[in-house]
file query_39.txt (compact mmCIF, C-alpha atoms)
# COMPACT_ATOMS: atom_id res chain seq x y z
CA MET A 1 82.39 161.57 150.30
CA THR A 2 81.08 158.77 148.07
CA GLU A 3 79.84 156.97 151.15
CA ALA A 4 77.91 160.03 152.30
CA VAL A 5 76.22 160.36 148.91
CA ASN A 6 75.53 156.63 148.94
CA THR A 7 73.82 156.82 152.33
CA LEU A 8 71.89 159.96 151.43
CA LEU A 9 70.55 158.51 148.16
CA LEU A 10 69.47 155.30 149.89
CA LEU A 11 67.69 157.29 152.61
CA PHE A 12 65.95 159.40 149.95
CA MET A 13 64.80 156.18 148.28
CA CYS A 14 63.34 154.90 151.56
CA VAL A 15 61.53 158.20 152.19
CA THR A 16 60.11 158.22 148.66
CA ALA A 17 58.91 154.63 148.99
CA LEU A 18 57.28 155.35 152.36
CA THR A 19 55.55 158.41 150.89
CA ILE A 20 54.15 156.22 148.12
CA VAL A 21 52.63 153.95 150.79
CA ARG A 22 50.84 156.87 152.43
CA GLN A 23 49.81 158.71 149.27
CA HIS A 24 46.27 158.18 147.94
CA ASN A 25 46.46 160.44 144.91
CA LEU A 26 47.54 158.04 142.20
CA PHE A 27 48.98 160.82 140.04
CA ALA A 28 51.35 161.64 142.90
CA VAL A 29 52.09 157.92 143.38
CA VAL A 30 53.16 157.56 139.74
CA MET A 31 55.30 160.72 139.84
CA LEU A 32 56.95 159.59 143.09
CA GLY A 33 57.62 156.28 141.38
CA SER A 34 59.48 158.23 138.70
CA VAL A 35 61.50 160.08 141.37
CA PHE A 36 62.29 156.73 142.98
CA SER A 37 63.62 155.39 139.67
CA LEU A 38 65.78 158.45 139.12
CA LEU A 39 67.26 158.13 142.63
CA SER A 40 68.02 154.47 141.96
CA ALA A 41 69.72 155.47 138.69
CA GLY A 42 71.96 157.77 140.73
CA MET A 43 72.67 154.86 143.05
CA PHE A 44 73.69 152.68 140.10
CA VAL A 45 76.21 155.31 138.95
CA LEU A 46 77.77 155.28 142.41
CA LEU A 47 77.98 151.50 142.27
CA ASP A 48 79.88 151.64 138.92
CA ALA A 49 76.95 150.27 136.92
CA VAL A 50 76.82 153.07 134.36
CA ASP A 51 75.00 151.06 131.71
CA VAL A 52 72.34 150.04 134.21
CA ALA A 53 71.95 153.62 135.43
CA PHE A 54 71.49 154.77 131.85
CA THR A 55 68.77 152.20 131.27
CA GLU A 56 67.00 152.88 134.55
CA ALA A 57 66.94 156.65 133.92
CA ALA A 58 65.56 156.22 130.40
CA VAL A 59 63.16 153.35 131.13
CA GLY A 60 62.13 153.57 134.78
CA ALA A 61 61.99 157.33 135.16
CA GLY A 62 60.90 158.01 131.58
CA ILE A 63 58.86 155.49 129.64
CA SER A 64 57.28 153.60 132.59
CA THR A 65 56.02 156.87 134.05
CA ILE A 66 54.46 157.91 130.75
CA LEU A 67 52.77 154.51 130.40
CA MET A 68 51.42 154.63 133.96
CA LEU A 69 50.11 158.17 133.36
CA GLY A 70 48.44 156.78 130.24
CA VAL A 71 46.76 154.14 132.43
CA LEU A 72 45.60 156.82 134.87
CA SER A 73 44.12 158.93 132.08
CA LEU A 74 42.01 155.93 131.07
CA THR A 75 41.00 154.92 134.60
CA ASN A 76 40.70 156.68 137.92
CA SER A 77 43.36 158.91 139.42
CA ARG A 78 42.30 158.60 143.06
CA GLU A 79 42.63 155.59 145.29
CA ARG A 80 39.60 154.85 147.45
CA ILE A 81 40.65 155.62 150.99
CA THR A 82 40.12 152.95 153.60
CA PHE A 83 40.69 153.90 157.21
CA SER A 84 41.36 150.53 158.72
CA THR A 85 45.03 149.55 158.78
CA PRO A 86 45.28 145.88 157.93
CA ILE A 87 47.16 143.93 160.61
CA PHE A 88 47.99 140.77 158.68
CA PRO A 89 50.13 142.43 155.95
CA ILE A 90 52.17 144.35 158.57
CA VAL A 91 52.87 141.18 160.55
CA LEU A 92 53.82 139.30 157.39
CA VAL A 93 56.11 142.11 156.20
CA MET A 94 57.80 142.35 159.61
CA LEU A 95 58.39 138.58 159.70
CA ALA A 96 59.74 138.37 156.16
CA GLY A 97 61.82 141.51 156.72
CA SER A 98 63.50 140.21 159.87
CA VAL A 99 64.37 136.90 158.22
CA LEU A 100 65.85 138.76 155.25
CA ILE A 101 67.83 141.17 157.46
CA PHE A 102 69.20 138.22 159.41
CA SER A 103 70.38 136.55 156.22
CA ALA A 104 71.63 139.83 154.69
CA LEU A 105 74.02 140.24 157.63
CA GLY A 106 75.55 136.90 156.67
CA MET A 107 76.51 138.17 153.22
CA PRO A 108 80.09 139.13 152.36
CA GLU A 109 80.94 142.72 153.24
CA PHE A 110 79.82 145.37 150.79
CA GLY A 111 82.51 146.12 148.22
CA ALA A 112 84.84 143.29 149.27
CA ALA A 113 87.05 142.20 146.36
CA ASP A 114 87.26 138.58 147.60
CA ALA A 115 83.50 137.97 147.68
CA PRO A 116 82.45 134.69 145.99
CA ILE A 117 80.52 136.55 143.29
CA HIS A 118 83.79 137.84 141.79
CA GLY A 119 85.35 134.40 141.63
CA HIS A 120 83.65 132.53 138.81
CA VAL A 121 83.44 133.73 135.23
CA ALA A 122 83.60 137.48 135.90
CA ASP A 123 87.40 137.51 136.10
CA ARG A 124 87.68 135.82 132.78
CA TYR A 125 85.35 138.35 131.14
CA ILE A 126 87.42 141.23 132.55
CA GLU A 127 90.77 139.76 131.56
CA LYS A 128 90.01 138.18 128.19
CA SER A 129 87.14 140.17 126.65
CA GLY A 130 89.55 142.88 125.47
CA ALA A 131 91.46 140.35 123.38
CA GLU A 132 88.60 138.02 122.44
CA VAL A 133 85.90 140.53 121.54
CA GLY A 134 88.01 143.66 121.22
CA LEU A 135 85.58 146.12 122.79
CA PRO A 136 86.38 148.41 125.72
CA ASN A 137 82.89 148.14 127.23
CA ILE A 138 82.85 144.74 128.98
CA VAL A 139 79.10 144.98 129.61
CA THR A 140 78.45 145.20 125.86
CA SER A 141 80.84 142.30 125.21
CA ILE A 142 78.98 140.06 127.65
CA LEU A 143 75.52 141.26 126.67
CA ALA A 144 75.96 140.91 122.93
CA SER A 145 78.59 138.24 122.51
CA TYR A 146 79.23 135.91 125.46
CA ARG A 147 75.58 135.90 126.49
CA GLY A 148 74.07 136.77 123.14
CA PHE A 149 71.61 133.93 123.45
CA ASP A 150 70.15 135.38 126.68
CA THR A 151 69.79 138.75 125.05
CA LEU A 152 67.96 137.22 122.10
CA GLY A 153 65.53 135.83 124.67
CA GLU A 154 65.09 139.26 126.28
CA VAL A 155 64.37 140.86 122.92
CA THR A 156 61.78 138.18 122.27
CA VAL A 157 60.17 138.96 125.63
CA ILE A 158 59.86 142.63 124.64
CA PHE A 159 58.50 141.60 121.25
CA THR A 160 55.89 139.43 123.00
CA ALA A 161 54.91 142.22 125.42
CA GLY A 162 54.41 144.57 122.48
CA ILE A 163 52.11 142.04 120.83
CA GLY A 164 50.28 141.47 124.13
CA VAL A 165 49.52 145.15 124.58
CA MET A 166 48.46 145.42 120.95
CA VAL A 167 46.05 142.54 121.47
CA LEU A 168 44.65 144.06 124.66
CA LEU A 169 44.38 147.68 123.57
CA GLY A 170 45.58 148.10 120.06
CA LEU A 171 42.62 147.50 117.79
CA ARG A 172 41.79 150.62 115.86
CA ARG A 173 39.03 149.09 113.81
CA ARG A 174 35.90 147.84 115.42
CA THR A 175 33.72 145.38 113.58
CA ALA A 176 30.05 145.88 114.40
CA GLN A 177 27.62 142.96 114.57
CA ASP A 178 26.31 143.58 111.06
CA GLY A 179 29.82 143.22 109.70
CA SER A 180 30.48 146.90 108.97
CA VAL A 181 33.95 148.11 109.94
CA GLU A 182 34.18 151.29 111.95
CA GLU A 183 37.46 153.21 112.17
CA LEU A 184 37.99 154.77 115.58
CA PRO A 185 39.06 158.42 115.48
CA LEU A 186 42.57 159.35 116.64
CA PRO A 187 42.90 162.02 119.32
CA GLY A 188 44.09 165.32 117.87
CA GLU A 189 46.13 168.05 119.47
CA GLY A 190 43.42 169.12 121.92
CA ASN A 191 44.48 171.83 124.33
CA MET A 192 48.13 171.44 123.44
CA ARG A 193 47.60 173.79 120.48
CA HIS A 194 47.74 176.77 122.83
CA HIS A 195 51.01 175.87 124.55
CA SER A 196 53.44 177.72 122.28
CA VAL A 197 56.42 177.32 124.62
CA LEU A 198 56.03 173.55 124.74
CA ARG A 199 55.60 173.30 120.99
CA VAL A 200 58.66 175.39 120.18
CA THR A 201 60.87 173.65 122.78
CA ALA A 202 59.74 170.21 121.69
CA LYS A 203 60.53 170.99 118.06
CA LEU A 204 63.99 172.17 119.09
CA LEU A 205 64.63 169.14 121.31
CA ILE A 206 63.41 166.31 119.10
CA PRO A 207 66.29 166.32 116.55
CA PHE A 208 68.85 166.37 119.34
CA ILE A 209 67.12 163.52 121.20
CA MET A 210 67.29 161.44 118.01
CA LEU A 211 70.92 162.34 117.40
CA PHE A 212 71.74 161.39 120.99
CA ALA A 213 69.93 158.08 120.52
CA LEU A 214 72.07 157.32 117.48
CA TYR A 215 75.20 158.20 119.45
CA VAL A 216 74.15 155.89 122.30
CA GLN A 217 73.37 153.14 119.78
CA PHE A 218 76.70 153.20 117.95
CA HIS A 219 78.98 154.32 120.77
CA GLY A 220 77.70 151.57 123.07
CA ASP A 221 80.70 149.41 122.19
CA PHE A 222 83.10 151.95 123.65
CA GLY A 223 81.18 153.69 126.43
CA PRO A 224 77.94 153.26 128.35
CA GLY A 225 75.03 152.63 126.04
CA GLY A 226 73.75 150.11 123.55
CA GLY A 227 70.65 148.99 121.75
CA PHE A 228 68.31 148.86 124.74
CA GLN A 229 69.02 152.42 125.89
CA ALA A 230 69.16 153.84 122.38
CA GLY A 231 65.86 152.25 121.44
CA VAL A 232 64.14 153.78 124.44
CA ILE A 233 65.65 157.23 123.82
CA PHE A 234 64.72 157.09 120.15
CA ALA A 235 61.16 156.19 121.10
CA ALA A 236 61.12 159.09 123.59
CA ALA A 237 61.54 161.53 120.69
CA PHE A 238 58.39 160.19 119.00
CA ILE A 239 56.51 160.03 122.28
CA LEU A 240 57.36 163.68 122.97
CA TYR A 241 56.09 164.55 119.49
CA GLY A 242 52.90 162.60 120.10
CA LEU A 243 52.33 164.26 123.49
CA VAL A 244 52.76 167.81 122.21
CA PHE A 245 51.42 167.62 118.65
CA GLY A 246 48.72 164.98 119.09
CA ILE A 247 48.58 161.30 118.27
CA LYS A 248 47.06 161.98 114.88
CA ASN A 249 50.15 163.85 113.70
CA ALA A 250 52.52 161.36 115.31
CA VAL A 251 50.85 158.43 113.54
CA ALA A 252 51.21 160.36 110.29
CA VAL A 253 54.99 160.45 110.91
CA VAL A 254 55.35 156.78 111.88
CA PRO A 255 52.41 154.81 110.46
CA GLU A 256 51.38 151.77 112.47
CA GLY A 257 52.29 149.44 109.66
CA VAL A 258 55.88 150.66 109.83
CA THR A 259 56.26 150.21 113.61
CA ARG A 260 54.64 146.79 113.41
CA PHE A 261 57.07 145.79 110.67
CA LEU A 262 60.06 147.13 112.65
CA ILE A 263 59.07 145.23 115.82
CA ALA A 264 59.47 141.98 113.93
CA ALA A 265 62.40 143.16 111.79
CA GLY A 266 64.65 143.80 114.81
CA VAL A 267 64.12 140.33 116.27
CA LEU A 268 64.58 138.78 112.84
CA LEU A 269 67.82 140.68 112.27
CA TYR A 270 69.14 139.39 115.61
CA ALA A 271 68.13 135.80 114.92
CA GLY A 272 69.32 136.16 111.32
CA VAL A 273 72.84 137.03 112.46
CA GLY A 274 72.79 133.80 114.45
CA VAL A 275 71.69 131.83 111.40
CA ALA A 276 74.36 133.54 109.30
CA SER A 277 77.07 132.48 111.74
CA LEU A 278 75.68 128.93 111.62
CA LEU A 279 75.86 128.92 107.82
CA MET A 280 79.41 130.20 107.88
CA GLY A 281 80.50 127.27 109.97
CA GLY A 282 80.39 128.59 113.54
CA ASN A 283 78.03 128.08 116.43
CA TYR A 284 74.75 129.96 116.71
CA LEU A 285 75.54 133.65 117.46
CA ASP A 286 79.30 133.00 117.33
CA TYR A 287 80.30 136.13 115.44
CA SER A 288 83.98 135.25 115.07
CA VAL A 289 83.30 133.46 111.78
CA LEU A 290 81.52 136.44 110.19
CA ALA A 291 84.73 138.09 108.97
CA HIS A 292 88.29 137.07 108.15
CA GLU A 293 89.54 138.03 111.59
CA PRO A 294 87.68 136.91 114.74
CA THR A 295 87.61 140.39 116.34
CA HIS A 296 86.33 141.97 113.12
CA GLY A 297 83.60 139.37 113.05
CA GLN A 298 82.75 140.14 116.67
CA HIS A 299 82.55 143.86 115.86
CA LEU A 300 80.28 143.26 112.89
CA GLY A 301 78.04 140.81 114.76
CA ILE A 302 77.67 143.07 117.80
CA LEU A 303 76.93 146.10 115.62
CA LEU A 304 74.19 144.20 113.79
CA ILE A 305 72.52 142.61 116.79
CA GLU A 306 72.64 145.87 118.78
CA PHE A 307 70.93 147.50 115.82
CA GLY A 308 68.30 144.76 115.89
CA VAL A 309 67.79 145.27 119.63
CA GLY A 310 67.50 149.04 119.18
CA THR A 311 64.96 148.66 116.35
CA THR A 312 62.70 146.29 118.23
CA VAL A 313 62.88 148.22 121.52
CA ALA A 314 62.16 151.57 119.85
CA ALA A 315 59.27 150.18 117.81
CA VAL A 316 57.75 148.36 120.80
CA MET A 317 57.99 151.47 123.02
CA ILE A 318 56.35 153.64 120.34
CA THR A 319 53.61 151.04 119.88
CA LEU A 320 53.03 150.78 123.64
CA PHE A 321 52.62 154.55 123.94
CA PHE A 322 50.31 154.84 120.93
CA SER A 323 48.20 151.91 122.13
CA PHE A 324 47.51 153.68 125.42
CA ALA A 325 47.27 157.19 124.01
CA ARG A 326 44.78 156.59 121.24
CA ARG A 327 42.34 154.63 123.31
CA THR A 328 39.64 157.07 124.25
CA ARG A 329 38.05 156.76 127.62
CA LYS A 330 34.88 154.77 127.55
CA LYS A 331 31.91 156.78 128.75
CA THR A 332 30.34 155.14 131.74
CA MET B 1 77.46 148.48 164.56
CA THR B 2 80.32 147.96 162.12
CA GLU B 3 78.38 145.04 160.73
CA VAL B 4 75.43 147.36 160.06
CA MET B 5 77.65 149.89 158.28
CA SER B 6 79.39 147.30 156.11
CA HIS B 7 76.02 145.83 155.09
CA PHE B 8 74.12 149.12 154.89
CA ASN B 9 73.21 148.71 151.20
CA TYR B 10 71.79 145.24 151.77
CA LEU B 11 69.74 146.39 154.76
CA VAL B 12 68.23 149.22 152.72
CA VAL B 13 67.48 146.71 149.98
CA VAL B 14 65.50 144.64 152.50
CA VAL B 15 63.62 147.71 153.74
CA LEU B 16 62.71 148.80 150.19
CA MET B 17 61.72 145.27 149.26
CA MET B 18 59.41 145.04 152.25
CA ILE B 19 57.86 148.45 151.49
CA GLY B 20 57.13 147.26 147.95
CA PHE B 21 55.78 143.96 149.27
CA TYR B 22 53.55 145.82 151.76
CA ILE B 23 52.09 148.01 149.00
CA VAL B 24 51.33 144.93 146.91
CA ILE B 25 49.59 142.93 149.65
CA SER B 26 47.90 145.67 151.70
CA GLY B 27 46.20 147.93 149.17
CA SER B 28 43.39 147.10 146.83
CA ASN B 29 44.13 149.61 144.10
CA LEU B 30 45.62 147.94 141.05
CA VAL B 31 47.70 150.92 139.83
CA LYS B 32 49.29 151.29 143.25
CA LYS B 33 50.05 147.57 143.32
CA VAL B 34 51.95 147.89 140.04
CA VAL B 35 53.97 150.80 141.47
CA GLY B 36 54.66 148.68 144.58
CA LEU B 37 55.81 145.85 142.37
CA SER B 38 58.26 148.14 140.59
CA ILE B 39 59.67 149.30 143.97
CA PHE B 40 60.19 145.64 144.83
CA GLN B 41 61.85 145.16 141.47
CA VAL B 42 64.23 148.11 141.92
CA SER B 43 65.25 146.74 145.32
CA VAL B 44 66.26 143.47 143.67
CA PHE B 45 68.25 145.41 141.05
CA LEU B 46 69.99 147.29 143.84
CA LEU B 47 70.85 144.00 145.57
CA TYR B 48 72.53 142.60 142.48
CA ILE B 49 74.41 145.78 141.62
CA SER B 50 75.57 146.24 145.22
CA MET B 51 77.01 142.72 145.18
CA GLY B 52 78.95 143.48 142.00
CA LYS B 53 80.59 146.61 143.43
CA ILE B 54 84.25 146.46 144.44
CA ILE B 55 85.46 149.32 146.61
CA GLY B 56 88.23 151.09 144.73
CA GLY B 57 87.09 149.60 141.44
CA THR B 58 85.73 151.48 138.48
CA ALA B 59 83.02 151.03 135.86
CA PRO B 60 83.71 147.97 133.67
CA ILE B 61 84.97 149.83 130.61
CA LEU B 62 88.51 148.77 129.76
CA ASP B 63 91.18 151.45 129.99
CA ASP B 64 94.94 151.25 130.50
CA ARG B 65 94.80 153.52 133.53
CA PHE B 66 92.68 151.12 135.61
CA THR B 67 93.22 147.59 136.80
CA VAL B 68 90.30 146.98 139.19
CA TYR B 69 86.84 146.84 137.70
CA SER B 70 83.50 146.14 139.35
CA ASN B 71 81.85 142.88 138.34
CA PRO B 72 80.16 143.39 134.93
CA LEU B 73 78.02 140.25 135.05
CA PRO B 74 75.26 141.57 137.36
CA HIS B 75 75.16 144.73 135.24
CA VAL B 76 74.26 142.71 132.16
CA LEU B 77 71.57 140.75 133.98
CA ILE B 78 69.97 143.84 135.49
CA LEU B 79 70.18 145.92 132.33
CA THR B 80 68.01 143.47 130.47
CA ALA B 81 65.79 142.94 133.53
CA ILE B 82 64.96 146.66 133.55
CA VAL B 83 63.81 146.60 129.94
CA VAL B 84 61.80 143.44 130.53
CA GLY B 85 60.37 145.21 133.62
CA VAL B 86 58.93 148.03 131.53
CA ALA B 87 57.44 145.47 129.14
CA THR B 88 55.63 143.71 131.99
CA THR B 89 54.54 147.07 133.46
CA ALA B 90 53.02 148.00 130.12
CA LEU B 91 51.21 144.68 129.94
CA ALA B 92 49.90 145.16 133.49
CA GLY B 93 48.76 148.66 132.55
CA ALA B 94 46.89 147.37 129.52
CA LEU B 95 45.18 144.73 131.67
CA ILE B 96 44.18 147.41 134.23
CA VAL B 97 42.65 149.53 131.46
CA ARG B 98 40.64 146.54 130.22
CA ILE B 99 39.56 145.62 133.78
CA ASN B 100 38.39 149.19 134.32
CA GLU B 101 36.36 149.03 131.12
CA ALA B 102 34.75 145.75 132.10
CA TYR B 103 34.07 146.44 135.79
CA GLY B 104 34.16 150.24 136.04
CA SER B 105 36.63 150.03 138.92
CA ILE B 106 40.30 149.41 139.61
CA GLU B 107 39.76 148.51 143.27
CA GLU B 108 40.29 144.81 143.81
CA ASP B 109 37.55 144.23 146.40
CA GLU B 110 34.90 145.91 144.21
CA ILE B 111 35.91 143.67 141.31
CA TYR B 112 35.63 140.58 143.52
CA ARG B 113 32.21 141.74 144.76
CA GLN B 114 30.93 142.12 141.20
CA ASP B 115 32.23 138.68 140.35
CA GLY B 116 30.46 137.25 143.40
CA ASP B 117 27.13 138.73 142.29
CA ALA B 118 27.38 137.31 138.81
call {"tool": "encode", "arguments": {"input": "query_39.txt", "output": "structure tokens"}}
result
Amino acid sequence: MTEAVNTLLLLFMCVTALTIVRQHNLFAVVMLGSVFSLLSAGMFVLLDAVDVAFTEAAVGAGISTILMLGVLSLTNSRERITFSTPIFPIVLVMLAGSVLIFSALGMPEFGAADAPIHGHVADRYIEKSGAEVGLPNIVTSILASYRGFDTLGEVTVIFTAGIGVMVLLGLRRRTAQDGSVEELPLPGEGNMRHHSVLRVTAKLLIPFIMLFALYVQFHGDFGPGGGFQAGVIFAAAFILYGLVFGIKNAVAVVPEGVTRFLIAAGVLLYAGVGVASLLMGGNYLDYSVLAHEPTHGQHLGILLIEFGVGTTVAAVMITLFFSFARRTRKKT
Amino acid sequence: MTEVMSHFNYLVVVVLMMIGFYIVISGSNLVKKVVGLSIFQVSVFLLYISMGKIIGGTAPILDDRFTVYSNPLPHVLILTAIVVGVATTALAGALIVRINEAYGSIEEDEIYRQDGDA
């Protein structure tokens, strides 16, 4: 049964990808991309990667799609159709594909327990993390504790991307040549004012989305979830509000100064926990020294750094969306 | 044939990867290229997660009832890669918006032509 679902999902993914190749309406391309992400999230559940599936469903199918739609609203939603099929890319793809298929057949069988990948540190994480870190979710233990340094790097990457988009799109004030500062207007509700069903449903949904985000944030130690997923879900609540009630109202709820502060605050909290563990006599990001008992320290450290991750991710996602949404299309 | 069945996931990964690669190198539309890049990216995710799977294992959340767990290490790597992926997508999107404002087009060859004239 599982195998049948596995095969079916993979075939659906191939069909979706092929449709994207042939589709020239970019709106359809972006929506198919969202479908593709959702199918892959289903695949990840089948392959036991529940945390990854969670992230892919929230990020790939949700936020990325919204951002790409934002790009389309500011550019052109149709691809220019060319009738000639290029030969060179097809030849190159065929060549690279056959080499890869040849080498893929040399890999260990799918699902084999004695494959080399399971032999190195993974066993140790599975056997010892329960005693050393004391959390049921091994993924969270590795992410936040064993490989906390990597995760600090990832959070910094997200922080940097948020700053990059703000630099490229984010300026709300425009300084004219004579030195006068002009404030750009924020888009209001527009046509959304007439969609009563959307407005009522959104108002009903938003508190529950936020509550769910908090659950994902603080239950991530015990089940699937964690700061990355929670941050994205939390941001989704504000993005929904911005989509339905207009950017002007959304910015009134979360002023830009606040999101900008939170972007930095999350990274600083994460790095600060590392400094705190240094000061208390441990290694950088070694949480065992934070409390009297090592596992208590681990709990405290993971709770704090996951909160830092969630804060930065949520603030960056909100900033990304607002940066795209408030930029009005330039008249050409 | 048995070899194909036991490596089915990896073969699909190659197919998806090549479809993404084809979209990136064949088209000239920048938005479509970004979508192609994310297909490529998902295929890599699928490769890693497929390698971590153990048949008969369960999700890596400790419980007394289970003894065999799938490998959690690829999950951690890919989880963060997905979030970094959306960050790079957003940055690409912002660049596309700025390119469109500067050139009035998101088709690569038209942008090159305008650069050639200048």
call {"tool": "closest_atom_pairs", "arguments": {"input": "query_39.txt", "of": "chain A", "to": "chain B", "cutoff": "7 Å", "atoms": "only C-alpha atoms", "output": "Markdown table"}}
result
| residue | atom | partner | partner_atom | distance |
| --- | --- | --- | --- | --- |
| A:Leu10 | CA | B:Val12 | CA | 6.8 |
| A:Cys14 | CA | B:Leu16 | CA | 6.3 |
| A:Ala17 | CA | B:Ile19 | CA | 6.7 |
| A:Leu18 | CA | B:Ile19 | CA | 7.0 |
| A:Val21 | CA | B:Ile23 | CA | 6.2 |
| A:Gly33 | CA | B:Val35 | CA | 6.6 |
| A:Leu47 | CA | B:Lys53 | CA | 5.7 |
| A:Asp48 | CA | B:Ala59 | CA | 4.4 |
| A:Ala49 | CA | B:His75 | CA | 6.1 |
| A:Val50 | CA | B:Ala59 | CA | 6.7 |
| A:Val52 | CA | B:Leu79 | CA | 5.0 |
| A:Thr55 | CA | B:Leu79 | CA | 6.5 |
| A:Glu56 | CA | B:Ile82 | CA | 6.6 |
| A:Val59 | CA | B:Val86 | CA | 6.8 |
| A:Ser64 | CA | B:Val86 | CA | 5.9 |
| A:Leu67 | CA | B:Ala90 | CA | 6.5 |
| A:Met68 | CA | B:Gly93 | CA | 6.7 |
| A:Val71 | CA | B:Gly93 | CA | 5.8 |
| A:Leu74 | CA | B:Val97 | CA | 6.4 |
| A:Thr75 | CA | B:Asn100 | CA | 6.3 |
| A:Glu79 | CA | B:Asn29 | CA | 6.3 |
| A:Pro86 | CA | B:Ser26 | CA | 6.8 |
| A:Pro89 | CA | B:Ser26 | CA | 5.8 |
| A:Val93 | CA | B:Met18 | CA | 5.9 |
| A:Gly97 | CA | B:Met18 | CA | 6.2 |
| A:Leu100 | CA | B:Val14 | CA | 6.5 |
| A:Ile101 | CA | B:Leu11 | CA | 6.2 |
| A:Ala104 | CA | B:Tyr10 | CA | 6.1 |
| A:Leu105 | CA | B:His7 | CA | 6.5 |
| A:Glu109 | CA | B:Ser6 | CA | 5.6 |
| A:Phe110 | CA | B:Ser6 | CA | 5.7 |
| A:Gly111 | CA | B:Ile54 | CA | 4.2 |
| A:Ala112 | CA | B:Ile54 | CA | 5.8 |
| A:Ala113 | CA | B:Ile54 | CA | 5.4 |
| A:His118 | CA | B:Asn71 | CA | 6.4 |
| A:Ala122 | CA | B:Asn71 | CA | 6.2 |
| A:Pro136 | CA | B:Leu62 | CA | 4.6 |
| A:Asn137 | CA | B:Ile61 | CA | 4.3 |
| A:Ile138 | CA | B:Ile61 | CA | 5.7 |
| A:Val139 | CA | B:Pro72 | CA | 5.7 |
| A:Leu143 | CA | B:Val76 | CA | 5.8 |
| A:Glu154 | CA | B:Thr80 | CA | 6.6 |
| A:Val157 | CA | B:Val84 | CA | 6.8 |
| A:Ile158 | CA | B:Ala87 | CA | 5.8 |
| A:Ala161 | CA | B:Ala87 | CA | 5.5 |
| A:Gly164 | CA | B:Leu91 | CA | 6.7 |
| A:Val165 | CA | B:Leu91 | CA | 5.6 |
| A:Leu168 | CA | B:Ala94 | CA | 6.3 |
| A:Leu169 | CA | B:Ala94 | CA | 6.5 |
| A:Gly223 | CA | B:Ile61 | CA | 6.8 |
| A:Lys330 | CA | B:Glu101 | CA | 6.9 |
call {"tool": "axis_aligned_box", "arguments": {"input": "query_39.txt", "around": "segment 81-92 of chain B", "padding_each_side": "4 Å", "output": "JSON"}}
result
{"center_x": 57.8, "center_y": 145.5, "center_z": 131.4, "size_x": 23.9, "size_y": 13.1, "size_z": 12.5}
call {"tool": "closest_residue", "arguments": {"input": "query_39.txt", "among": "A:Ala213, A:Leu46, A:Leu285, A:Leu303", "to": "Thr140 of chain A", "atoms": "all atoms listed in the file"}}
result
A:Leu303
call {"tool": "closest_residue", "arguments": {"input": "query_39.txt", "among": "A:Ile247, A:Ile126, A:Ile263, A:Phe208", "to": "Phe66 of chain B", "atoms": "only C-alpha atoms"}}
result
A:Ile126
call {"tool": "atom_distance", "arguments": {"input": "query_39.txt", "atom1": "atom CA of Leu37 of chain B", "atom2": "atom CA of Ala315 of chain A"}}
result
25.2 Å
call {"tool": "residues_around", "arguments": {"input": "query_39.txt", "residues": "Met43 of chain A", "least_positions_apart": "6", "cutoff": "8 Å", "atoms": "all atoms listed in the file", "output": "ChimeraX atom specification"}}
result
/A:6,9-10,53
call {"tool": "write_last_selection", "arguments": {"input": "query_39.txt", "atoms": "C-alpha atoms", "output": "PDB file, keeping the file's coordinate frame"}}
result
ATOM      1  CA  ASN A   6      75.530 156.630 148.940  1.00  0.00           C
ATOM      2  CA  LEU A   9      70.550 158.510 148.160  1.00  0.00           C
ATOM      3  CA  LEU A  10      69.470 155.300 149.890  1.00  0.00           C
ATOM      4  CA  ALA A  53      71.950 153.620 135.430  1.00  0.00           C
TER       5      ALA A  53
END
call {"tool": "residues_around", "arguments": {"input": "query_39.txt", "residues": "segment 23-32 of chain A", "least_positions_apart": "6", "cutoff": "7 Å", "atoms": "all atoms listed in the file", "output": "list in words"}}
result
Thr16, Thr65, Met68, Ser77, Arg78, Glu79 and Ile81 of chain A
call {"tool": "atom_distance", "arguments": {"input": "query_39.txt", "atom1": "atom CA of Ala276 of chain A", "atom2": "atom CA of Val121 of chain A"}}
result
27.5 Å
call {"tool": "atom_distance", "arguments": {"input": "query_39.txt", "atom1": "atom CA of Met210 of chain A", "atom2": "atom CA of Gly231 of chain A"}}
result
9.9 Å
call {"tool": "decode", "arguments": {"input": "query_39.txt", "residues": "segment 55-67 of chain B", "atoms": "C-alpha atoms", "output": "compact mmCIF listing (two decimals), in the first residue's frame"}}
result
# COMPACT_ATOMS: atom_id res chain seq x y z
CA ILE B 55 12.03 0.28 5.32
CA GLY B 56 10.16 -0.74 8.44
CA GLY B 57 11.49 2.26 10.34
CA THR B 58 9.47 5.12 11.70
CA ALA B 59 9.80 8.89 12.04
CA PRO B 60 12.75 9.82 14.30
CA ILE B 61 10.73 10.72 17.39
CA LEU B 62 11.73 8.53 20.32
CA ASP B 63 9.05 6.24 21.72
CA ASP B 64 9.26 3.01 23.70
CA ARG B 65 7.14 1.15 21.17
CA PHE B 66 9.65 1.54 18.31
CA THR B 67 13.23 0.48 17.88
